[in-house]
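The structure file structure03.cif is reproduced below (mmCIF, C-alpha atoms).
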data_my_file
#
loop_
_atom_site.label_atom_id
_atom_site.label_comp_id
_atom_site.auth_asym_id
_atom_site.auth_seq_id
_atom_site.Cartn_x
_atom_site.Cartn_y
_atom_site.Cartn_z
CA MET A 1 35.48 36.62 7.58
CA ASP A 2 32.30 35.01 8.86
CA PRO A 3 32.48 31.20 9.19
CA ASP A 4 28.70 30.81 9.20
CA PRO A 5 26.95 29.78 5.96
CA PRO A 6 24.59 32.53 4.68
CA LEU A 7 21.44 30.78 5.88
CA HIS A 8 19.43 33.95 6.59
CA GLU A 9 20.24 35.50 3.23
CA THR A 10 19.80 32.33 1.18
CA TYR A 11 16.43 31.41 2.67
CA LYS A 12 15.01 34.89 3.23
CA ALA A 13 12.08 34.06 0.94
CA LEU A 14 11.09 31.22 3.26
CA PHE A 15 11.11 33.59 6.24
CA ALA A 16 8.96 36.04 4.31
CA ASN A 17 6.46 33.41 3.20
CA THR A 18 6.21 31.38 6.42
CA LYS A 19 4.13 32.30 9.43
CA ILE A 20 6.46 32.02 12.41
CA SER A 21 5.32 29.97 15.44
CA SER A 22 2.26 28.57 13.73
CA THR A 23 -0.47 27.21 15.99
CA ASP A 24 -1.03 24.28 13.63
CA ASP A 25 -1.91 21.20 15.68
CA ASP A 26 0.57 19.19 13.62
CA ASP A 27 3.50 21.39 14.67
CA ARG A 28 5.18 19.22 17.30
CA ARG A 29 7.80 21.91 17.87
CA LEU A 30 5.31 23.78 20.09
CA VAL A 31 4.95 20.82 22.45
CA THR A 32 7.10 20.61 25.58
CA VAL A 33 9.49 17.69 25.14
CA GLU A 34 10.56 15.60 28.12
CA GLU A 35 14.30 15.02 28.56
CA ARG A 36 15.24 11.38 29.15
CA GLU A 37 18.35 9.26 29.30
CA LEU A 38 18.88 6.54 26.74
CA PRO A 39 19.65 2.98 27.90
CA LEU A 40 23.33 2.99 28.94
CA ILE A 41 25.39 -0.15 28.31
CA ASP A 42 28.89 -0.73 29.66
CA LEU A 43 30.84 -2.52 26.93
CA SER A 44 33.67 -3.42 29.32
CA ARG A 45 31.43 -6.30 30.39
CA LEU A 46 32.14 -7.95 27.04
CA SER A 47 35.60 -8.72 28.44
CA LEU A 48 34.32 -10.35 31.63
CA ASN A 49 32.98 -13.83 32.30
CA GLU A 50 30.54 -15.59 30.00
CA ALA A 51 27.48 -14.66 32.07
CA GLU A 52 28.38 -10.93 31.98
CA GLN A 53 29.03 -11.10 28.24
CA LYS A 54 25.67 -12.74 27.61
CA GLN A 55 23.79 -10.20 29.71
CA CYS A 56 25.55 -7.28 28.02
CA LYS A 57 24.65 -8.60 24.56
CA GLU A 58 21.05 -9.14 25.62
CA GLU A 59 20.84 -5.53 26.81
CA ILE A 60 22.19 -4.31 23.46
CA ALA A 61 19.60 -6.34 21.55
CA ARG A 62 16.78 -5.25 23.89
CA ALA A 63 17.67 -1.58 23.46
CA GLY A 64 17.81 -1.96 19.68
CA HIS A 65 14.39 -3.59 19.73
CA GLU A 66 12.60 -1.39 22.28
CA TRP A 67 14.28 1.96 21.64
CA GLY A 68 16.22 1.83 18.36
CA PHE A 69 18.69 4.04 20.25
CA PHE A 70 21.09 3.38 23.13
CA GLN A 71 24.34 4.64 24.66
CA VAL A 72 27.60 2.79 25.23
CA LYS A 73 30.44 3.59 27.61
CA ASN A 74 33.89 2.01 27.96
CA HIS A 75 33.67 1.61 24.20
CA GLY A 76 37.41 1.61 23.50
CA ILE A 77 37.66 5.16 22.10
CA SER A 78 39.55 7.34 24.56
CA MET A 79 38.44 10.78 25.66
CA GLU A 80 41.77 12.10 24.38
CA LEU A 81 40.97 10.82 20.90
CA LEU A 82 37.47 12.29 21.00
CA GLU A 83 38.82 15.64 22.17
CA LYS A 84 41.34 15.69 19.31
CA LEU A 85 38.55 14.94 16.86
CA ARG A 86 36.47 17.81 18.25
CA GLU A 87 39.43 20.22 18.05
CA GLU A 88 39.98 19.31 14.42
CA GLN A 89 36.27 19.62 13.74
CA VAL A 90 36.09 23.10 15.27
CA ARG A 91 39.19 24.18 13.33
CA VAL A 92 37.71 23.09 10.01
CA PHE A 93 34.30 24.65 10.62
CA LYS A 94 35.75 27.96 11.82
CA GLN A 95 37.30 28.62 8.44
CA PRO A 96 35.62 31.42 6.50
CA PHE A 97 32.53 30.17 4.70
CA ARG A 98 34.00 31.09 1.32
CA ASN A 99 37.00 28.82 1.96
CA LYS A 100 34.82 25.90 2.93
CA PHE A 101 32.56 26.42 -0.06
CA LEU A 102 35.36 26.74 -2.61
CA ASN A 103 38.13 24.51 -1.26
CA PHE A 104 36.32 21.26 -0.56
CA SER A 105 35.22 18.77 -3.19
CA ASP A 106 31.71 18.92 -4.58
CA GLY A 107 29.33 17.16 -2.20
CA SER A 108 31.79 17.11 0.69
CA TYR A 109 30.68 20.39 2.28
CA ARG A 110 26.93 20.79 2.72
CA TRP A 111 24.76 23.40 4.37
CA GLY A 112 21.08 24.25 4.64
CA THR A 113 18.46 22.40 2.60
CA PRO A 114 18.46 23.27 -1.12
CA THR A 115 15.07 21.59 -1.67
CA ALA A 116 13.30 23.39 1.20
CA THR A 117 10.05 25.13 0.31
CA SER A 118 9.16 26.13 3.91
CA LEU A 119 10.93 26.67 7.22
CA ARG A 120 9.73 23.26 8.37
CA GLN A 121 11.89 21.70 5.67
CA LEU A 122 15.01 23.74 6.45
CA SER A 123 17.94 22.27 8.38
CA TRP A 124 19.90 25.01 10.14
CA SER A 125 23.30 23.36 9.94
CA GLU A 126 26.45 22.71 7.98
CA ALA A 127 28.32 19.44 7.57
CA PHE A 128 31.31 17.70 6.03
CA HIS A 129 30.55 14.33 4.47
CA ILE A 130 33.78 12.29 4.38
CA PRO A 131 33.96 8.74 2.93
CA MET A 132 36.17 6.48 5.02
CA ILE A 133 38.34 5.81 1.98
CA ASP A 134 39.39 9.49 2.04
CA ILE A 135 40.35 9.56 5.74
CA SER A 136 43.57 7.54 5.61
CA SER A 137 46.64 9.50 6.71
CA SER A 138 44.47 12.34 8.06
CA SER A 139 44.25 13.52 11.67
CA MET A 140 40.86 11.80 11.95
CA GLU A 141 42.17 8.36 10.98
CA PRO A 142 42.71 7.03 14.57
CA PHE A 143 39.11 7.85 15.50
CA ALA A 144 37.76 6.55 12.19
CA THR A 145 39.56 3.22 12.57
CA LYS A 146 38.25 2.63 16.09
CA VAL A 147 34.69 3.73 15.43
CA ALA A 148 34.48 1.50 12.34
CA SER A 149 35.64 -1.47 14.40
CA LEU A 150 33.09 -0.66 17.12
CA ALA A 151 30.28 -0.50 14.55
CA GLN A 152 31.18 -3.93 13.17
CA LYS A 153 31.29 -5.40 16.69
CA LEU A 154 27.87 -4.03 17.60
CA ALA A 155 26.35 -5.13 14.29
CA GLU A 156 27.63 -8.66 14.83
CA ILE A 157 26.19 -8.74 18.38
CA LEU A 158 22.80 -7.54 17.16
CA ALA A 159 22.80 -10.15 14.38
CA ASP A 160 23.95 -12.92 16.71
CA LYS A 161 21.07 -12.24 19.11
CA LEU A 162 18.72 -13.06 16.23
CA GLY A 163 20.53 -16.36 15.72
CA HIS A 164 22.43 -15.21 12.63
CA ASN A 165 26.20 -15.04 12.30
CA SER A 166 25.93 -12.75 9.28
CA THR A 167 28.87 -11.66 7.14
CA ILE A 168 26.88 -8.99 5.30
CA PHE A 169 28.34 -6.18 7.40
CA GLN A 170 31.98 -7.04 6.72
CA GLN A 171 31.39 -7.94 3.08
CA SER A 172 29.22 -4.99 2.06
CA CYS A 173 30.12 -2.14 4.44
CA LEU A 174 33.38 -1.01 2.87
CA PRO A 175 35.61 2.07 3.30
CA SER A 176 34.18 3.33 0.02
CA SER A 177 30.58 3.15 1.30
CA CYS A 178 30.90 3.99 5.02
CA TYR A 179 31.53 7.59 6.01
CA LEU A 180 31.93 10.20 8.70
CA ARG A 181 29.68 13.22 8.88
CA LEU A 182 30.97 16.19 10.87
CA ASN A 183 28.12 18.48 11.91
CA ARG A 184 27.89 22.03 13.17
CA TYR A 185 24.62 23.70 14.17
CA PRO A 186 24.98 27.51 14.35
CA PRO A 187 22.85 29.47 16.83
CA CYS A 188 19.35 30.21 15.51
CA LEU A 189 17.34 33.21 16.67
CA ILE A 190 14.01 31.44 16.19
CA PRO A 191 14.76 27.90 17.44
CA SER A 192 11.10 27.02 18.02
CA ASP A 193 10.43 27.14 14.28
CA ILE A 194 13.58 25.79 12.60
CA TYR A 195 15.27 22.43 12.94
CA GLY A 196 19.00 21.93 13.13
CA LEU A 197 18.35 18.68 11.27
CA MET A 198 14.88 17.71 10.10
CA PRO A 199 13.08 14.61 11.41
CA HIS A 200 14.41 11.57 9.56
CA THR A 201 15.64 8.02 9.88
CA ASP A 202 19.15 6.92 8.91
CA SER A 203 19.80 5.17 5.59
CA ASP A 204 22.34 2.69 6.93
CA PHE A 205 22.74 -0.33 9.22
CA LEU A 206 24.07 1.51 12.29
CA THR A 207 25.04 5.05 13.24
CA ILE A 208 27.50 5.93 16.01
CA LEU A 209 27.27 9.51 17.26
CA ASN A 210 29.67 11.57 19.34
CA GLN A 211 27.99 14.80 20.45
CA ASP A 212 28.89 17.73 22.67
CA GLN A 213 27.00 18.69 25.82
CA VAL A 214 24.79 21.40 24.31
CA GLY A 215 21.99 18.94 23.63
CA GLY A 216 19.41 19.08 20.88
CA LEU A 217 18.99 15.47 19.77
CA GLN A 218 15.38 14.32 19.96
CA LEU A 219 13.71 11.04 18.99
CA VAL A 220 10.35 9.29 19.01
CA LYS A 221 9.68 6.90 21.90
CA ASP A 222 6.26 5.33 22.51
CA GLY A 223 4.66 7.73 20.06
CA LYS A 224 6.08 10.87 21.68
CA TRP A 225 9.10 13.03 21.02
CA ILE A 226 11.71 13.03 23.80
CA ALA A 227 14.94 14.99 24.23
CA VAL A 228 18.11 12.97 24.76
CA LYS A 229 20.12 14.00 27.80
CA PRO A 230 23.82 14.30 26.81
CA ASN A 231 26.31 11.99 28.52
CA PRO A 232 29.99 13.05 28.20
CA GLU A 233 31.22 9.48 28.74
CA ALA A 234 29.02 7.79 26.16
CA LEU A 235 28.60 7.36 22.42
CA ILE A 236 25.08 7.13 21.01
CA ILE A 237 24.14 4.18 18.80
CA ASN A 238 21.05 4.05 16.62
CA ILE A 239 19.54 1.43 14.34
CA GLY A 240 19.30 2.37 10.65
CA ASP A 241 16.67 1.52 8.05
CA PHE A 242 18.66 -1.40 6.63
CA PHE A 243 19.01 -3.12 9.99
CA GLN A 244 15.26 -2.79 10.49
CA ALA A 245 14.67 -4.46 7.12
CA TRP A 246 17.40 -7.09 7.59
CA SER A 247 16.07 -8.01 11.05
CA ASN A 248 12.54 -8.31 9.62
CA GLY A 249 11.36 -5.46 11.82
CA PHE A 250 12.79 -6.74 15.11
CA TYR A 251 15.16 -3.79 15.45
CA ASN A 252 13.67 -0.34 15.00
CA SER A 253 14.92 2.54 12.89
CA VAL A 254 13.51 5.45 14.86
CA GLU A 255 12.69 8.93 13.62
CA HIS A 256 14.92 11.59 15.16
CA CYS A 257 15.94 15.20 14.66
CA VAL A 258 18.14 17.97 16.03
CA VAL A 259 16.61 21.16 17.39
CA THR A 260 18.41 24.48 17.30
CA HIS A 261 19.60 26.67 20.17
CA PRO A 262 19.19 30.47 20.22
CA THR A 263 22.68 31.30 21.54
CA LYS A 264 24.89 28.20 21.43
CA GLU A 265 26.47 26.35 18.54
CA ARG A 266 26.43 22.54 18.63
CA PHE A 267 28.97 20.05 17.26
CA SER A 268 28.64 16.34 16.60
CA ALA A 269 30.38 13.64 14.58
CA ALA A 270 28.58 10.58 13.23
CA TYR A 271 29.86 7.36 11.68
CA PHE A 272 27.51 5.58 9.27
CA LEU A 273 27.84 1.83 8.66
CA CYS A 274 26.61 1.78 5.07
CA PRO A 275 26.58 -0.95 2.42
CA SER A 276 27.74 -0.57 -1.17
CA TYR A 277 25.14 0.49 -3.75
CA GLU A 278 24.97 -3.03 -5.18
CA THR A 279 24.20 -4.66 -1.82
CA VAL A 280 20.80 -6.35 -1.70
CA ILE A 281 19.04 -6.07 1.66
CA GLU A 282 16.92 -9.10 2.46
CA SER A 283 15.31 -10.07 5.76
CA CYS A 284 17.20 -12.69 7.75
CA THR A 285 14.02 -14.57 8.71
CA GLN A 286 11.01 -15.83 6.82
CA PRO A 287 8.25 -15.10 6.15
CA SER A 288 9.58 -11.62 5.47
CA VAL A 289 7.62 -8.46 6.10
CA TYR A 290 9.81 -6.64 3.60
CA SER A 291 10.63 -7.21 -0.05
CA LYS A 292 14.32 -7.35 -0.81
CA PHE A 293 15.86 -4.21 -2.31
CA SER A 294 19.24 -2.80 -3.19
CA PHE A 295 20.86 0.24 -1.62
CA ARG A 296 20.84 1.87 -5.06
CA GLU A 297 17.06 1.44 -5.32
CA TYR A 298 16.67 2.85 -1.84
CA LYS A 299 18.74 5.96 -2.57
CA GLN A 300 16.73 6.57 -5.72
CA LYS A 301 13.57 6.47 -3.63
CA VAL A 302 15.10 8.93 -1.16
CA GLN A 303 15.82 11.37 -3.99
CA GLU A 304 12.29 11.00 -5.35
CA ASP A 305 10.77 11.70 -1.94
CA VAL A 306 12.98 14.74 -1.39
CA GLN A 307 11.97 16.16 -4.75
CA ARG A 308 8.29 15.41 -4.17
CA TYR A 309 7.90 16.24 -0.49
CA GLY A 310 10.98 18.29 0.37
CA SER A 311 12.18 15.63 2.83
CA GLU A 312 12.90 11.92 3.27
CA MET A 313 9.79 11.30 5.37
CA GLY A 314 8.33 7.93 4.66
CA VAL A 315 11.10 6.61 2.48
CA HIS A 316 12.08 3.68 4.67
CA ILE A 317 8.51 2.42 4.68
CA ALA A 318 7.78 3.39 1.08
CA LEU A 319 10.54 1.23 -0.33
CA LEU A 320 10.45 -1.66 2.12
CA CYS A 321 7.26 -2.96 0.58
CA VAL A 322 5.16 -5.61 2.22
CA GLN A 323 4.97 -8.86 0.32
CA ASP A 324 1.59 -10.32 -0.65
CA ASP A 325 1.29 -12.96 2.04
CA PRO A 326 -2.00 -13.08 3.99
CA ALA A 327 -0.22 -14.71 6.90
CA LEU A 328 1.80 -11.54 7.37
CA ARG A 329 -1.10 -9.11 7.45
CA PRO A 330 -1.73 -9.19 11.24
CA ALA A 331 1.95 -8.41 11.85
CA VAL A 332 1.86 -5.69 9.23
CA SER A 333 -1.23 -4.11 10.78
CA SER A 334 0.51 -4.09 14.17
CA ALA A 335 3.55 -2.43 12.62
CA ILE A 336 1.35 0.22 11.05
CA LEU A 337 -0.29 0.95 14.41
CA LEU A 338 3.15 1.49 15.92
CA LEU A 339 3.91 3.96 13.14
CA GLY A 340 0.68 5.85 13.69
CA SER A 341 2.20 8.83 15.48
CA ASN A 342 5.33 8.90 13.35
CA SER A 343 5.25 11.57 10.66
CA ALA A 344 7.16 9.19 8.41
CA ALA A 345 3.92 7.24 8.09
CA ARG A 346 2.31 10.20 6.35
CA PHE A 347 3.47 8.91 2.98
CA LEU A 348 2.97 5.26 3.76
CA HIS A 349 2.74 3.00 0.72
CA MET A 350 1.99 -0.68 1.22
CA MET A 351 2.14 -2.90 -1.85
CA TYR A 352 -0.53 -5.60 -2.20
CA LEU A 353 -2.18 -4.67 1.07
CA GLN A 354 -5.87 -3.92 0.58
CA PRO A 355 -7.43 -0.91 2.35
CA SER A 356 -9.70 -3.29 4.27
CA ASP A 357 -6.59 -4.75 5.93
CA LEU A 358 -5.47 -1.40 7.31
CA PRO A 359 -6.31 -0.23 10.83
CA SER A 360 -9.16 2.30 10.83
CA SER A 361 -6.77 5.04 11.99
CA PHE A 362 -5.04 4.80 8.61
CA SER A 363 -8.16 4.99 6.44
CA GLY A 364 -6.99 8.22 4.85
CA TYR A 365 -3.52 7.01 3.96
CA THR A 366 -2.44 6.07 0.46
CA CYS A 367 -2.07 2.43 -0.47
CA ILE A 368 -0.94 1.04 -3.80
#
What does this structure look like when you write it as structure tokens?
Amino acid sequence: MDPDPPLHETYKALFANTKISSTDDDDRRLVTVEERELPLIDLSRLSLNEAEQKQCKEEIARAGHEWGFFQVKNHGISMELLEKLREEQVRVFKQPFRNKFLNFSDGSYRWGTPTATSLRQLSWSEAFHIPMIDISSSSMEPFATKVASLAQKLAEILADKLGHNSTIFQQSCLPSSCYLRLNRYPPCLIPSDIYGLMPHTDSDFLTILNQDQVGGLQLVKDGKWIAVKPNPEALIINIGDFFQAWSNGFYNSVEHCVVTHPTKERFSAAYFLCPSYETVIESCTQPSVYSKFSFREYKQKVQEDVQRYGSEMGVHIALLCVQDDPALRPAVSSAILLLGSNSAARFLHMMYLQPSDLPSSFSGYTCI
């Protein structure tokens, strides 16, 4: 039996109603994307002398600020453990689709994009969403334990470089709220028109990604999309929306996506350092660019945006509302300019910010 989810059959109406390879100027998929390497940081230096430790931590903070993405090697998770994880991942995904659909709990196995109204909103992929609390005693537990520890270590380093020895990560990011997401991207015959995973930002503090060598991860850097060159020795780290808000905008949650391949399937596994629903996210420095909000409020906004727009675009800016403080407006305007080429800014909503305060390039954007 076929292991692939019935993407063609389920979304045949979208294929019929969508003009393939549109020449729309807004379709970034038609633009040649440069392949680049992310900043690579050797974590073994954290075990060396004080000067090496300090420099390593500074590089981590700089990458989180300038890129929002970076790679780490000598991270403490062996290649043997990563290979075992991949073998288990392949085994699970290669089950017949019917078995995956019927035998896993509701919400655990996901595929496609139920809310999609066009091919641009369709993610050509399948995934298992596994809360950490459900991983104990499974074959993935050794990896899960180590990757969770690595995420806490990196979060603490990033916080420390801002002068804050925060306990929010240990207190709020629990096994019941953090999770693994195992991804598979089947081959797609029209890769120039369909995403493996739509452009988005991550709704968490940090994400740690282990990917294969097929490639396909892309992100926004300096207003342009770039392709990330795979590195078999490294894990990829990216800043999530909550770290951006907590750091008062110092660290950047960057829009990224996965593109499809016409002949090759792609596998990846991601760990998400997420807080509990009741956790209130508040900037660590004042005056704060962002209003405080709870994870529950944030998720509700995500669901509203998905229902309204078919995607999460704009949610991390829509909810993290600017407070009414005139002293902050120059910084806010600068932040908006940085977002200018990011499609997430399309649904930008700034509370208490008058249209006259917006850069001229955003004159057509909605403000409330």
Which residues match the PyMOL selection byres ((chain A and resi 183) around 10) in the file above, as a list in words?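 Output of the PyMOL selection byres ((chain A and resi 183) around 10): Gln89, Val90, Phe93, Arg110, Trp111, Ser125, Glu126, Ala127, Phe128, His129, Leu180, Arg181, Leu182, Arg184, Tyr185, Pro186, Gly196, Leu197, Gln211, Arg266, Phe267, Ser268, Ala269 and Ala270 of chain A.
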As a list of chain:residue names, please: the residues near range 5-13 of chain A (cut-off 6 Å, all atoms listed in the file, same-chain neighbours under 2 positions excluded).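 After dropping sequence-adjacent residues, the list is A:Phe15, A:Ala16, A:Phe97.
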So which one's closest to Tyr179 in chain A, A:Asn99, A:Thr260, A:Gln53, A:Ser108? Using all atoms listed in the file, please. A:Ser108
Would you mind telling me which residue in A:Val302, A:Ile208, A:Leu38, A:Ile281 lies nearest to Ile168 in chain A when using all atoms listed in the file?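 Ranked by minimum distance to Ile168 in chain A, first place goes to A:Ile281.
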Could you work out how far CA of Cys188 in chain A lies from CA of Gln95 in chain A, giving the answer in Å with one decimal?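 That distance, rounded to one decimal, is 19.4 Å.
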Restricting the calculation to all atoms listed in the file: of A:Thr18, A:Ile236, A:Arg45, A:Leu174, which residue gets closest to Ser118 in chain A?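 Distance minimum relative to Ser118 in chain A lands on A:Thr18.
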Taking 3 positions as the minimum chain separation for residues in the same chain, which residues sit within 9 Å of Trp225 in chain A when counting only C-alpha atoms? Answer as a ChimeraX atom specification. /A:28,31,33-34,218-222,256
Top pick for closest residue to Pro39 in chain A, considering A:Gln171, A:Ala234, A:Phe101, A:Ser177 and counting all atoms listed in the file: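 Ranked by minimum distance to Pro39 in chain A, first place goes to A:Ala234.
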Once the PyMOL selection byres ((chain A and resi 81) around 12) has been applied to the shown file, what residues remain in the selection, as a PDB file with C-alpha atoms, keeping the file's coordinate frame?
ATOM      1  CA  GLY A  76      37.410   1.610  23.500  1.00  0.00           C
ATOM      2  CA  ILE A  77      37.660   5.160  22.100  1.00  0.00           C
ATOM      3  CA  SER A  78      39.550   7.340  24.560  1.00  0.00           C
ATOM      4  CA  MET A  79      38.440  10.780  25.660  1.00  0.00           C
ATOM      5  CA  GLU A  80      41.770  12.100  24.380  1.00  0.00           C
ATOM      6  CA  LEU A  82      37.470  12.290  21.000  1.00  0.00           C
ATOM      7  CA  GLU A  83      38.820  15.640  22.170  1.00  0.00           C
ATOM      8  CA  LYS A  84      41.340  15.690  19.310  1.00  0.00           C
ATOM      9  CA  LEU A  85      38.550  14.940  16.860  1.00  0.00           C
ATOM     10  CA  ARG A  86      36.470  17.810  18.250  1.00  0.00           C
ATOM     11  CA  GLU A  87      39.430  20.220  18.050  1.00  0.00           C
ATOM     12  CA  GLU A  88      39.980  19.310  14.420  1.00  0.00           C
ATOM     13  CA  SER A 139      44.250  13.520  11.670  1.00  0.00           C
ATOM     14  CA  MET A 140      40.860  11.800  11.950  1.00  0.00           C
ATOM     15  CA  GLU A 141      42.170   8.360  10.980  1.00  0.00           C
ATOM     16  CA  PRO A 142      42.710   7.030  14.570  1.00  0.00           C
ATOM     17  CA  PHE A 143      39.110   7.850  15.500  1.00  0.00           C
ATOM     18  CA  ALA A 144      37.760   6.550  12.190  1.00  0.00           C
ATOM     19  CA  THR A 145      39.560   3.220  12.570  1.00  0.00           C
ATOM     20  CA  LYS A 146      38.250   2.630  16.090  1.00  0.00           C
ATOM     21  CA  VAL A 147      34.690   3.730  15.430  1.00  0.00           C
ATOM     22  CA  ASN A 210      29.670  11.570  19.340  1.00  0.00           C
TER      23      ASN A 210
END
Any chance you could work out the residue set of the PyMOL selection byres ((chain A and resi 72) around 6) here, as a list in words?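 Applying the expression gives Leu40, Ile41, Asp42, Gln71, Lys73, Ala234 and Leu235 of chain A.
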One decimal, Å: what's the distance from CA of Ile190 in chain A over to CA of Thr117 in chain A, could you say?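 Distance between the two atoms: 17.5 Å.
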Take every atom of range 108-127 of chain A listed in the file, fit an axis-aligned box around them, add 4 Å per side, and give the centre and edge lengths in Å to one decimal as lines of an AutoDock Vina configuration file.
center_x = 20.5
center_y = 21.9
center_z = 4.2
size_x = 30.6
size_y = 17.6
size_z = 19.8
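The residue that comes closest to Leu43 in chain A, out of A:Glu265, A:Leu154, A:Ile130, A:Glu297 and on the basis of all atoms listed in the file, is A:Leu154.
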CA of Ala227 in chain A to CA of Glu35 in chain A, distance in Å rounded to a single decimal: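 Between these atoms lies a distance of 4.4 Å.
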Between A:Ser192, A:Ser138, A:Ala245, A:Val289, which one has atoms that come closest to Pro262 in chain A, using only C-alpha atoms?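 Checking each of A:Ser192, A:Ser138, A:Ala245, A:Val289 against Pro262 in chain A, counting only C-alpha atoms, the winner is A:Ser192.
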